[in-house]
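Colleague: What follows is the file my_file.txt, containing compact mmCIF, C-alpha atoms:
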# COMPACT_ATOMS: atom_id res chain seq x y z
CA MET A 409 116.32 -15.37 60.01
CA LYS A 410 115.29 -12.19 61.75
CA THR A 411 116.81 -10.11 58.93
CA LEU A 412 114.92 -12.18 56.33
CA LYS A 413 111.61 -11.58 58.12
CA SER A 414 112.39 -7.86 58.37
CA ASN A 415 113.13 -7.66 54.65
CA LYS A 416 109.86 -9.46 53.87
CA LEU A 417 107.99 -6.99 56.05
CA ILE A 418 109.61 -4.03 54.30
CA LEU A 419 108.76 -5.49 50.89
CA CYS A 420 105.15 -6.04 51.95
CA VAL A 421 104.89 -2.45 53.19
CA ILE A 422 106.36 -1.13 49.91
CA ALA A 423 104.02 -3.32 47.87
CA PHE A 424 101.04 -2.10 49.90
CA PHE A 425 101.81 1.56 49.27
CA VAL A 426 102.48 0.97 45.55
CA ILE A 427 99.14 -0.84 45.19
CA MET A 428 97.32 1.82 47.16
CA SER A 429 98.85 4.59 45.07
CA PHE A 430 97.43 2.96 41.93
CA ALA A 431 94.09 2.29 43.59
CA TYR A 432 93.65 5.93 44.50
CA ALA A 433 95.03 7.40 41.26
CA TYR A 434 91.94 9.45 40.43
CA PRO A 435 90.95 10.90 38.08
CA PRO A 436 92.54 8.76 35.33
CA ASP A 437 94.80 10.47 32.82
CA ASN A 438 92.25 10.01 30.02
CA ALA A 439 89.05 12.04 30.41
CA ALA A 440 87.20 9.76 27.98
CA VAL A 441 87.21 7.00 30.62
CA LEU A 442 85.10 9.18 32.91
CA TYR A 443 82.78 10.39 30.16
CA TYR A 444 82.12 6.80 29.09
CA LYS A 445 81.49 5.91 32.74
CA ALA A 446 79.00 8.74 33.22
CA ALA A 447 77.24 7.93 29.94
CA ALA A 448 76.86 4.28 30.97
CA VAL A 449 75.24 5.21 34.30
CA TYR A 450 73.17 8.32 33.51
CA GLU A 451 69.47 7.60 33.07
CA VAL A 452 67.00 10.26 32.00
CA ASP A 453 63.65 9.80 30.31
CA ASP A 454 62.55 11.93 27.38
CA GLU A 455 60.19 14.01 29.51
CA MET A 456 62.84 15.00 32.03
CA ALA A 457 65.39 15.59 29.26
CA GLU A 458 62.93 18.01 27.64
CA THR A 459 62.29 19.69 31.01
CA LEU A 460 66.03 20.23 31.53
CA ASN A 461 66.29 21.65 28.03
CA LYS A 462 63.45 24.08 28.77
CA VAL A 463 65.16 25.08 32.03
CA ARG A 464 68.31 25.76 30.01
CA LYS A 465 66.40 28.01 27.61
CA GLY A 466 64.54 29.79 30.43
CA GLU A 467 61.21 28.34 29.28
CA ALA A 468 60.65 26.37 32.52
CA GLU A 469 61.23 27.24 36.16
CA ILE A 470 63.60 25.46 38.50
CA ASN A 471 61.07 23.62 40.64
CA ASP A 472 61.43 20.97 43.32
CA THR A 473 61.26 18.17 40.73
CA VAL A 474 64.22 19.60 38.82
CA ARG A 475 66.22 20.17 42.01
CA GLU A 476 65.49 16.62 43.16
CA PHE A 477 66.56 15.15 39.81
CA VAL A 478 69.79 17.18 39.79
CA ASN A 479 70.62 16.11 43.35
CA LYS A 480 69.82 12.50 42.49
CA ASN A 481 72.40 12.68 39.71
CA ARG A 482 75.09 14.47 41.71
CA ARG A 483 77.57 11.67 41.04
CA ILE A 484 77.06 12.03 37.29
CA ILE A 485 77.70 15.77 37.52
CA ASP A 486 80.80 15.24 39.66
CA THR A 487 82.13 12.66 37.19
CA VAL A 488 81.71 15.11 34.30
CA LEU A 489 83.41 17.87 36.32
CA ASP A 490 86.29 15.51 37.17
CA ALA A 491 86.64 14.55 33.50
CA ALA A 492 86.81 18.21 32.51
CA LYS A 493 89.86 18.67 34.76
CA VAL A 494 91.85 16.06 32.84
CA LYS A 495 94.02 17.40 30.03
CA ASN A 496 94.10 14.33 27.78
CA CYS A 497 91.01 12.86 26.13
CA ASP A 498 91.34 9.93 23.73
CA TRP A 499 88.03 8.36 22.69
CA GLY A 500 89.74 5.21 21.37
CA MET A 501 88.17 5.37 17.92
CA ASP A 502 89.44 2.70 15.53
CA PHE A 503 89.21 3.93 11.94
CA SER A 504 90.20 0.49 10.67
CA GLN A 505 86.66 -0.64 11.57
CA GLY A 506 85.32 1.60 8.82
CA LEU A 507 81.98 3.39 9.05
CA LYS A 508 80.84 0.90 11.68
CA MET A 509 83.48 1.98 14.18
CA ASP A 510 82.33 2.84 17.68
CA ALA A 511 81.95 6.60 18.20
CA PRO A 512 81.85 8.46 21.52
CA PRO A 513 78.47 8.41 23.35
CA LEU A 514 77.54 11.72 21.75
CA TYR A 515 73.81 11.74 22.50
CA SER A 516 74.37 10.92 26.17
CA LEU A 517 77.07 13.58 26.48
CA LYS A 518 74.76 16.25 25.10
CA LYS A 519 72.02 15.20 27.55
CA MET A 520 74.55 15.42 30.39
CA THR A 521 75.30 18.98 29.26
CA PHE A 522 71.66 19.87 30.02
CA LEU A 523 72.07 18.28 33.46
CA VAL A 524 75.21 20.28 34.29
CA ILE A 525 73.62 23.51 33.02
CA ALA A 526 70.56 22.82 35.20
CA ASP A 527 72.90 22.43 38.18
CA ALA A 528 74.61 25.68 37.25
CA LYS A 529 71.27 27.48 36.93
CA ILE A 530 70.26 26.26 40.38
CA LEU A 531 73.54 27.59 41.79
CA ALA A 532 73.04 30.93 40.04
CA SER A 533 69.44 31.20 41.25
CA ASP A 534 70.72 30.62 44.78
CA GLY A 535 73.25 33.44 44.31
CA ASP A 536 76.38 31.28 43.95
CA TYR A 537 77.55 32.75 40.64
CA GLU A 538 81.15 31.68 41.14
CA ALA A 539 80.17 28.00 41.34
CA ALA A 540 77.76 28.41 38.41
CA LEU A 541 80.50 29.88 36.23
CA SER A 542 82.85 27.11 37.33
CA ARG A 543 80.34 24.62 35.87
CA CYS A 544 80.41 26.61 32.63
CA MET A 545 84.21 26.44 32.45
CA SER A 546 83.97 22.66 32.89
CA LEU A 547 81.54 22.46 29.98
CA TYR A 548 83.88 24.57 27.84
CA ARG A 549 86.63 22.04 28.57
CA MET A 550 84.23 19.20 27.80
CA ALA A 551 83.55 20.82 24.42
CA ARG A 552 87.26 20.78 23.69
CA HIS A 553 87.49 17.14 24.74
CA MET A 554 84.93 16.42 22.03
CA ASN A 555 87.19 18.08 19.47
CA ASP A 556 88.40 14.76 18.10
CA ARG A 557 89.06 13.29 14.67
CA ILE A 558 85.56 13.06 13.23
CA TYR A 559 83.18 15.81 12.19
CA VAL A 560 80.26 14.50 14.22
CA SER A 561 82.18 14.71 17.53
CA TYR A 562 83.44 18.18 16.63
CA LEU A 563 79.87 19.28 15.89
CA VAL A 564 78.72 18.03 19.29
CA GLY A 565 81.67 19.88 20.84
CA ILE A 566 80.71 23.21 19.33
CA ALA A 567 77.07 22.53 20.22
CA ILE A 568 78.14 22.20 23.87
CA GLN A 569 80.18 25.39 23.48
CA GLY A 570 77.14 27.18 22.06
CA LEU A 571 74.82 25.98 24.82
CA THR A 572 77.32 27.14 27.42
CA ASN A 573 77.78 30.52 25.71
CA GLY A 574 74.04 31.10 26.00
CA PHE A 575 74.06 30.41 29.72
CA VAL A 576 77.19 32.50 30.37
CA THR A 577 75.37 35.40 28.70
CA GLN A 578 72.47 34.90 31.13
CA ILE A 579 74.78 34.78 34.16
CA MET A 580 76.57 37.95 33.11
CA ALA A 581 73.24 39.81 33.16
CA ASP A 582 72.32 38.54 36.64
CA MET A 583 75.59 38.36 38.57
CA PRO A 584 77.19 41.32 40.37
CA GLN A 585 78.70 43.40 37.55
CA ASP A 586 81.66 44.62 39.54
CA ILE A 587 85.35 44.69 38.63
CA GLN A 588 86.26 41.62 40.69
CA HIS A 589 83.58 39.29 39.30
CA LEU A 590 84.12 40.48 35.74
CA THR A 591 87.91 40.21 35.95
CA ASN A 592 87.63 36.69 37.35
CA LEU A 593 85.39 35.69 34.45
CA LYS A 594 87.70 37.34 31.94
CA ASN A 595 90.71 35.45 33.32
CA GLN A 596 88.84 32.14 33.28
CA LEU A 597 87.93 32.64 29.62
CA ILE A 598 91.56 33.48 28.80
CA GLU A 599 92.54 30.14 30.32
CA ILE A 600 89.85 28.34 28.30
CA ASP A 601 91.02 30.05 25.10
CA SER A 602 94.48 28.55 25.63
CA ILE A 603 92.88 25.17 24.77
CA PRO A 604 92.12 25.18 21.02
CA LEU A 605 88.62 24.49 19.72
CA SER A 606 89.32 24.07 16.02
CA VAL A 607 87.69 22.22 13.16
CA MET A 608 91.10 21.20 11.83
CA PRO A 609 91.56 17.98 13.89
CA ALA A 610 88.22 16.76 12.54
CA VAL A 611 89.19 17.66 8.97
CA LEU A 612 92.51 15.83 9.24
CA GLY A 613 90.83 12.87 10.92
CA GLU A 614 88.13 12.66 8.25
CA ARG A 615 90.78 12.82 5.52
CA GLU A 616 92.57 9.88 7.14
CA ALA A 617 89.30 7.99 7.58
CA MET A 618 88.21 8.49 3.95
CA LEU A 619 91.41 6.85 2.72
CA MET A 620 90.70 3.83 4.93
CA PHE A 621 87.06 3.63 3.88
CA MET A 622 87.92 3.67 0.15
CA THR A 623 89.06 0.06 0.11
CA LYS A 624 87.52 -3.20 -1.06
CA GLU A 625 87.14 -4.23 2.56
CA HIS A 626 84.96 -1.27 3.54
CA ILE A 627 83.01 -0.47 0.35
CA PRO A 628 80.12 -2.80 1.36
CA ASP A 629 79.67 -0.78 4.57
CA VAL A 630 79.73 2.49 2.62
CA VAL A 631 77.07 1.14 0.27
CA GLN A 632 74.92 -0.15 3.11
CA LEU A 633 75.05 3.02 5.23
CA CYS A 634 75.32 5.81 2.66
CA VAL A 635 73.71 4.75 -0.64
CA GLU A 636 70.09 4.09 -1.59
CA ASP A 637 70.25 4.14 -5.40
CA GLU A 638 70.68 0.59 -6.74
CA LEU A 639 72.72 1.62 -9.80
CA ILE A 640 75.18 3.55 -7.63
CA LYS A 641 75.43 0.59 -5.26
CA GLU A 642 76.31 -1.63 -8.20
CA LYS A 643 78.96 0.79 -9.47
CA LEU A 644 80.66 1.06 -6.09
CA LEU A 645 80.59 -2.66 -5.37
CA SER A 646 82.15 -3.41 -8.77
CA ALA A 647 84.99 -0.87 -8.39
CA ASP A 648 88.44 -2.44 -8.83
CA GLU A 649 91.64 -1.58 -6.98
CA SER A 650 92.86 0.87 -9.62
CA SER A 651 89.57 2.78 -9.48
CA LEU A 652 89.68 2.91 -5.68
CA ALA A 653 93.28 4.14 -5.83
CA ARG A 654 92.22 7.01 -8.09
CA SER A 655 89.37 7.82 -5.67
CA ARG A 656 91.86 8.02 -2.82
CA GLN A 657 94.07 10.39 -4.84
CA LEU A 658 91.08 12.58 -5.66
CA SER A 659 90.03 12.57 -2.00
CA GLU A 660 93.50 13.75 -0.95
CA LYS A 661 93.31 16.57 -3.52
CA TYR A 662 89.83 17.54 -2.36
CA TYR A 663 90.85 17.73 1.31
CA THR A 664 93.94 19.77 0.45
CA SER A 665 91.63 22.36 -1.11
CA VAL A 666 89.27 22.20 1.90
CA ILE A 667 92.12 22.84 4.33
CA ALA A 668 93.26 25.84 2.27
CA ALA A 669 89.72 27.28 2.22
CA LEU A 670 89.32 26.93 6.00
CA GLY A 671 92.24 29.33 6.44
CA MET A 672 90.52 32.08 4.41
CA PRO A 673 88.30 34.91 5.69
CA TYR A 674 84.72 33.73 6.14
CA THR A 675 83.02 34.93 2.94
CA GLU A 676 85.89 33.85 0.72
CA GLY A 677 86.30 30.53 2.52
CA TYR A 678 82.58 29.73 2.53
CA THR A 679 82.25 30.49 -1.18
CA SER A 680 85.30 28.40 -1.99
CA LEU A 681 84.04 25.43 0.06
CA LYS A 682 80.56 25.64 -1.45
CA ASN A 683 82.02 25.73 -4.96
CA LEU A 684 84.31 22.80 -4.18
CA GLY A 685 81.37 20.72 -3.00
CA GLN A 686 79.17 21.66 -5.95
CA LYS A 687 81.94 20.95 -8.46
CA LEU A 688 82.62 17.56 -6.89
CA GLU A 689 78.92 16.68 -6.95
CA ASP A 690 78.53 17.73 -10.59
CA GLU A 691 81.65 15.90 -11.80
CA ALA A 692 80.73 12.75 -9.86
CA LYS A 693 77.73 12.29 -12.18
CA SER A 694 80.06 11.44 -15.06
CA ASP A 695 83.28 10.41 -13.29
CA PRO A 696 82.90 7.14 -11.35
CA ASP A 697 86.19 7.71 -9.51
CA LYS A 698 84.79 10.93 -8.00
CA LEU A 699 81.49 9.28 -7.09
CA LEU A 700 82.87 7.70 -3.93
CA VAL A 701 84.58 10.96 -2.90
CA ALA A 702 81.31 12.87 -3.33
CA ILE A 703 79.33 10.33 -1.29
CA LEU A 704 81.73 10.48 1.65
CA ALA A 705 82.56 14.21 1.54
CA PRO A 706 80.72 16.27 4.22
CA ALA A 707 79.14 19.70 3.65
CA THR A 708 82.26 21.58 4.71
CA ASN A 709 80.82 25.01 3.90
CA LYS A 710 78.07 24.50 6.49
CA ILE A 711 80.58 23.22 9.05
CA PHE A 712 82.73 26.30 8.38
CA SER A 713 79.67 28.49 9.06
CA LEU A 714 78.96 26.66 12.33
CA ALA A 715 82.56 27.10 13.46
CA THR A 716 82.48 30.81 12.56
CA ARG A 717 79.18 31.24 14.40
CA ILE A 718 80.54 29.77 17.62
CA GLU A 719 83.80 31.71 17.45
CA THR A 720 81.90 34.93 16.81
CA HIS A 721 79.66 34.30 19.83
CA ASN A 722 82.82 33.69 21.87
CA ASN A 723 84.13 37.05 20.69
CA ALA A 724 80.85 38.77 21.58
CA ILE A 725 81.10 37.50 25.16
CA LYS A 726 84.70 38.70 25.49
CA THR A 727 83.78 42.10 24.05
CA ALA A 728 80.78 42.32 26.40
CA ILE A 729 83.03 41.74 29.42
CA GLU A 730 85.12 44.76 28.40
CA ILE A 731 81.95 46.84 28.11
CA TYR A 732 80.76 45.66 31.54
CA LEU A 733 84.18 46.55 32.99
CA ILE A 734 83.96 50.09 31.63
CA LYS A 735 80.55 50.46 33.25
CA ALA A 736 81.90 49.06 36.54
CA LYS A 737 84.72 51.63 36.50
CA THR A 738 82.81 54.67 35.20
CA GLY A 739 79.23 54.00 36.25
CA LYS A 740 77.88 54.09 32.70
CA LEU A 741 78.06 52.19 29.44
CA PRO A 742 80.52 53.52 26.84
CA ASP A 743 79.18 55.46 23.87
CA THR A 744 81.33 53.49 21.42
CA LEU A 745 83.45 50.34 21.43
CA SER A 746 87.11 50.60 22.34
CA ALA A 747 89.64 49.78 19.64
CA GLY A 748 91.13 46.30 19.41
CA LEU A 749 88.24 44.30 20.87
CA PRO A 750 87.35 40.85 19.49
CA GLY A 751 85.03 41.25 16.52
CA ASP A 752 82.62 39.70 14.08
CA LEU A 753 84.32 36.90 12.15
CA PHE A 754 81.61 36.84 9.49
CA SER A 755 82.69 40.29 8.26
CA GLY A 756 86.17 40.58 9.75
CA LYS A 757 85.04 43.87 11.32
CA ASP A 758 84.07 45.13 14.77
CA PHE A 759 80.61 44.43 16.11
CA GLU A 760 77.99 47.10 15.74
CA TYR A 761 77.25 48.39 19.24
CA GLN A 762 73.85 49.64 20.41
CA VAL A 763 72.83 50.73 23.89
CA THR A 764 69.28 49.72 24.86
CA ASP A 765 66.97 50.28 27.84
CA GLU A 766 67.91 46.83 29.19
CA GLY A 767 71.62 46.86 28.38
CA PHE A 768 73.33 46.65 25.02
CA ILE A 769 73.45 44.69 21.77
CA LEU A 770 76.45 43.51 19.78
CA ARG A 771 75.45 42.95 16.17
CA CYS A 772 77.41 41.24 13.40
CA GLN A 773 78.16 43.22 10.26
CA GLY A 774 78.48 40.10 8.14
CA LYS A 775 75.92 37.43 7.29
CA ASP A 776 75.97 33.70 7.96
CA LEU A 777 75.74 32.65 4.32
CA SER A 778 74.56 29.14 5.11
CA ARG A 779 71.44 30.51 6.86
CA ASP A 780 71.13 33.95 5.26
CA GLU A 781 71.09 35.44 8.76
CA VAL A 782 72.80 38.25 10.67
CA TYR A 783 73.34 37.50 14.35
CA GLU A 784 73.01 39.85 17.28
CA TYR A 785 73.77 39.23 20.94
CA GLU A 786 71.84 40.95 23.73
CA PHE A 787 73.45 41.59 27.13
CA GLY A 788 71.55 42.78 30.18
CA VAL A 789 72.86 45.42 32.55
CA LYS A 790 71.85 45.89 36.18
CA LYS A 791 70.35 49.28 36.90
Reformat the file's structure so that it appears as structure tokens.

Modeller:
Amino acid sequence: MKTLKSNKLILCVIAFFVIMSFAYAYPPDNAAVLYYKAAAVYEVDDEMAETLNKVRKGEAEINDTVREFVNKNRRIIDTVLDAAKVKNCDWGMDFSQGLKMDAPPLYSLKKMTFLVIADAKILASDGDYEAALSRCMSLYRMARHMNDRIYVSYLVGIAIQGLTNGFVTQIMADMPQDIQHLTNLKNQLIEIDSIPLSVMPAVLGEREAMLMFMTKEHIPDVVQLCVEDELIKEKLLSADESSLARSRQLSEKYYTSVIAALGMPYTEGYTSLKNLGQKLEDEAKSDPDKLLVAILAPATNKIFSLATRIETHNNAIKTAIEIYLIKAKTGKLPDTLSAGLPGDLFSGKDFEYQVTDEGFILRCQGKDLSRDEVYEYEFGVKK
């Protein structure tokens, strides 16, 4: 009897520790759980959201109201930072639901980006540049977590990357520009670069989704959400299975060409994608099987430009760090760029480099064809 009681006690103790180990398993192994949690709890009115955005852009000062709001939402910030530490992020999107499937809380996530940047700016203004840059690395990871199987989530991901790039550029101008700080930042960015931020998962996901959407079951949703013209609505709703099968084949062919173009140098790839889209749009006017493909196909040339813009800005920051390091070692800015530095992806060439009274500029040699614009990136240097 005594042995039986002892065995029961041992089992109870084991069960207790097993239960407790599950209870304290934090963070979960899916970052999306934490992002959804933060999005469900975070409350910000339009006025404060605009204030945080102005703080991000340097158009508003960090006053007591901003500090109080950031401190009030410390748990939201901590939840986002915890999520960024988790490797896996599955948003649980169900393509079988068609165009009405639930997407990640994209708007809330972008607003939370402003909150985390505001926290980072407060830290930087208080002289804690290491903690401020740590917030930036978390946002870079968050951007990669957004890199899921639909274009819209990818676009939010690169938007977060772009917002963070802008703030990192500000910090680099203000923080101590010594070898230790710069090397630490360089190493952190190398770690971030080991996590891909590519448009390809979104392309492959959209290709899969289009095949699911081009079915009798989902055509009514396509018509409701994407079509205004009554004649086109009638054509799509009357499409039979053989017509939809041909549309799916044409969609597969179209995405095969898109994937090939995305692997080309920027100018060639952009031109190819623009021509693909224009050809599809023109042929859809007389080919009903291509009509559905044209309606659902995104403007891939513009997405390619956005991706190239973000990657080029990334390269500018990495090149700037090397320039800062030379100044830290020699006491002055270099006269020219060293060979082998990351360059301008619009042209496939090095950045143009110009020393200014305030620091230096890295200028693209190629143009963003979707905006007819040449980008330049200004970096401040401490005197």

Colleague: Leaving out range 732-737 of chain A and any residue of its chain fewer than 6 positions from it, which residues lie within 7 Å of it when counting all atoms listed in the file, given as JSON, numbers by chain?

Modeller: {"A": [585, 586, 587, 590]}

Colleague: Let's have the selection written as a PDB file, in the frame of the given file, with C-alpha atoms.

Modeller:
ATOM      1  CA  GLN A 585      78.700  43.400  37.550  1.00  0.00           C
ATOM      2  CA  ASP A 586      81.660  44.620  39.540  1.00  0.00           C
ATOM      3  CA  ILE A 587      85.350  44.690  38.630  1.00  0.00           C
ATOM      4  CA  LEU A 590      84.120  40.480  35.740  1.00  0.00           C
TER       5      LEU A 590
END

Colleague: When distances are computed from all atoms listed in the file, which of A:Glu614, A:Asp648, A:Glu784, A:Asp743 shows the smallest separation from Val701 in chain A?

Modeller: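 Nearest candidate to Val701 in chain A out of A:Glu614, A:Asp648, A:Glu784, A:Asp743: A:Glu614.
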
Colleague: Is it possible to get the residues within 10 Å of (81.0, 25.3, -0.2) (coordinates as in the file, counting all atoms listed in the file) written as a list of chain:residue names?

Modeller: A:Val666, A:Ala669, A:Glu676, A:Gly677, A:Tyr678, A:Thr679, A:Ser680, A:Leu681, A:Lys682, A:Asn683, A:Leu684, A:Gly685, A:Gln686, A:Lys687, A:Ala707, A:Thr708, A:Asn709, A:Lys710, A:Ile711, A:Phe712, A:Ser713, A:Ser778

Colleague: Name the closest residue to Leu442 in chain A among the candidates A:Glu766, A:Asp637, A:Asp486, A:Asp629; distances are taken between atoms, counting all atoms listed in the file.

Modeller: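 Smallest distance to Leu442 in chain A is found for A:Asp486.
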
Colleague: Using all atoms listed in the file for the distances, tell me which of A:Ala439, A:Gln588, A:Val635, A:Ile530 is nearest to Glu469 in chain A.

Modeller: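 Answer, going by the shortest atom-to-atom distance: A:Ile530.
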
Colleague: CA of Gly570 in chain A to CA of Ala610 in chain A: how many Å, to one decimal?

Modeller: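 Atom-to-atom, CA of Gly570 in chain A and CA of Ala610 in chain A are spaced 17.9 Å apart.
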
Colleague: Return the single residue from A:Ala540, A:Ile484, A:Leu658, A:Leu619 that is closest to Lys445 in chain A, with distances computed using all atoms listed in the file.

Modeller: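 Checking each candidate against Lys445 in chain A, we get A:Ile484 as the closest.
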
Colleague: If I take CA of Leu593 in chain A and CA of Tyr761 in chain A, how far is one from the other in Å, to one decimal?

Modeller: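 One can read the CA of Leu593 in chain A to CA of Tyr761 in chain A distance as 21.4 Å.
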
Colleague: Could you work out how far CA of Cys772 in chain A lies from CA of Val607 in chain A, giving the answer in Å with one decimal?

Modeller: 21.6 Å

Colleague: Nearest residue to Gly788 in chain A out of A:Ile703, A:Val524, A:Met583, A:Met608, using all atoms listed in the file?

Modeller: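 Closest to Gly788 in chain A of all the choices is A:Met583.
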
Colleague: Go through A:Tyr663, A:Phe754, A:Tyr785, A:Tyr559 one by one, measure the shortest atom-to-atom distance of each to Lys726 in chain A using only C-alpha atoms, and give the residue with the smallest value.

Modeller: A:Tyr785

Colleague: So that I can see what lies close to Asp490 in chain A, please list as JSON, numbers by chain the residues with an atom at most 12 Å from it, counting only C-alpha atoms and leaving out residues fewer than 4 positions away in the same chain.

Modeller: {"A": [434, 435, 436, 437, 438, 439, 440, 441, 442, 443, 445, 446, 483, 484, 485, 486, 494, 495, 543, 546, 547, 549, 550]}

Colleague: Could the residues in this selection be written to a file with C-alpha atoms, as a compact mmCIF listing (two decimals), in the coordinates of the input?

Modeller:
# COMPACT_ATOMS: atom_id res chain seq x y z
CA TYR A 434 91.94 9.45 40.43
CA PRO A 435 90.95 10.90 38.08
CA PRO A 436 92.54 8.76 35.33
CA ASP A 437 94.80 10.47 32.82
CA ASN A 438 92.25 10.01 30.02
CA ALA A 439 89.05 12.04 30.41
CA ALA A 440 87.20 9.76 27.98
CA VAL A 441 87.21 7.00 30.62
CA LEU A 442 85.10 9.18 32.91
CA TYR A 443 82.78 10.39 30.16
CA LYS A 445 81.49 5.91 32.74
CA ALA A 446 79.00 8.74 33.22
CA ARG A 483 77.57 11.67 41.04
CA ILE A 484 77.06 12.03 37.29
CA ILE A 485 77.70 15.77 37.52
CA ASP A 486 80.80 15.24 39.66
CA VAL A 494 91.85 16.06 32.84
CA LYS A 495 94.02 17.40 30.03
CA ARG A 543 80.34 24.62 35.87
CA SER A 546 83.97 22.66 32.89
CA LEU A 547 81.54 22.46 29.98
CA ARG A 549 86.63 22.04 28.57
CA MET A 550 84.23 19.20 27.80

Colleague: Just give me the residues with any atom within 12 Å of (72.9, 15.1, 23.2), file coordinates, counting all atoms listed in the file, written as an MDAnalysis selection string.

Modeller: chainID A and resid 447 452 454 457:458 460:461 512:523 560:561 563:568 571

Colleague: Determine, counting only C-alpha atoms, which protein, DNA and RNA residues have an atom within 10 Å of an atom of Leu541 in chain A; residues of the same chain fewer than 6 positions away are not included. Present the result as a PyMOL selection string.

Modeller: chain A and resi 525+528-529+531-532+547+572+575-576+579-580+592-593+596

Colleague: The selected residues should be written to file as an mmCIF file, in the frame of the given file (atoms: C-alpha atoms).

Modeller:
data_model
loop_
_atom_site.group_PDB
_atom_site.id
_atom_site.type_symbol
_atom_site.label_atom_id
_atom_site.label_comp_id
_atom_site.auth_asym_id
_atom_site.auth_seq_id
_atom_site.Cartn_x
_atom_site.Cartn_y
_atom_site.Cartn_z
ATOM 1 C CA ILE A 525 73.620 23.510 33.020
ATOM 2 C CA ALA A 528 74.610 25.680 37.250
ATOM 3 C CA LYS A 529 71.270 27.480 36.930
ATOM 4 C CA LEU A 531 73.540 27.590 41.790
ATOM 5 C CA ALA A 532 73.040 30.930 40.040
ATOM 6 C CA LEU A 547 81.540 22.460 29.980
ATOM 7 C CA THR A 572 77.320 27.140 27.420
ATOM 8 C CA PHE A 575 74.060 30.410 29.720
ATOM 9 C CA VAL A 576 77.190 32.500 30.370
ATOM 10 C CA ILE A 579 74.780 34.780 34.160
ATOM 11 C CA MET A 580 76.570 37.950 33.110
ATOM 12 C CA ASN A 592 87.630 36.690 37.350
ATOM 13 C CA LEU A 593 85.390 35.690 34.450
ATOM 14 C CA GLN A 596 88.840 32.140 33.280
#

Colleague: Near Ile470 in chain A, within 10 Å and counting all atoms listed in the file, which residues show up once chain neighbours fewer than 5 positions away are dropped, as a list in words?

Modeller: Thr459, Leu460, Lys462, Val463, Arg464, Arg475, Ala526, Asp527, Lys529, Ile530 and Ser533 of chain A
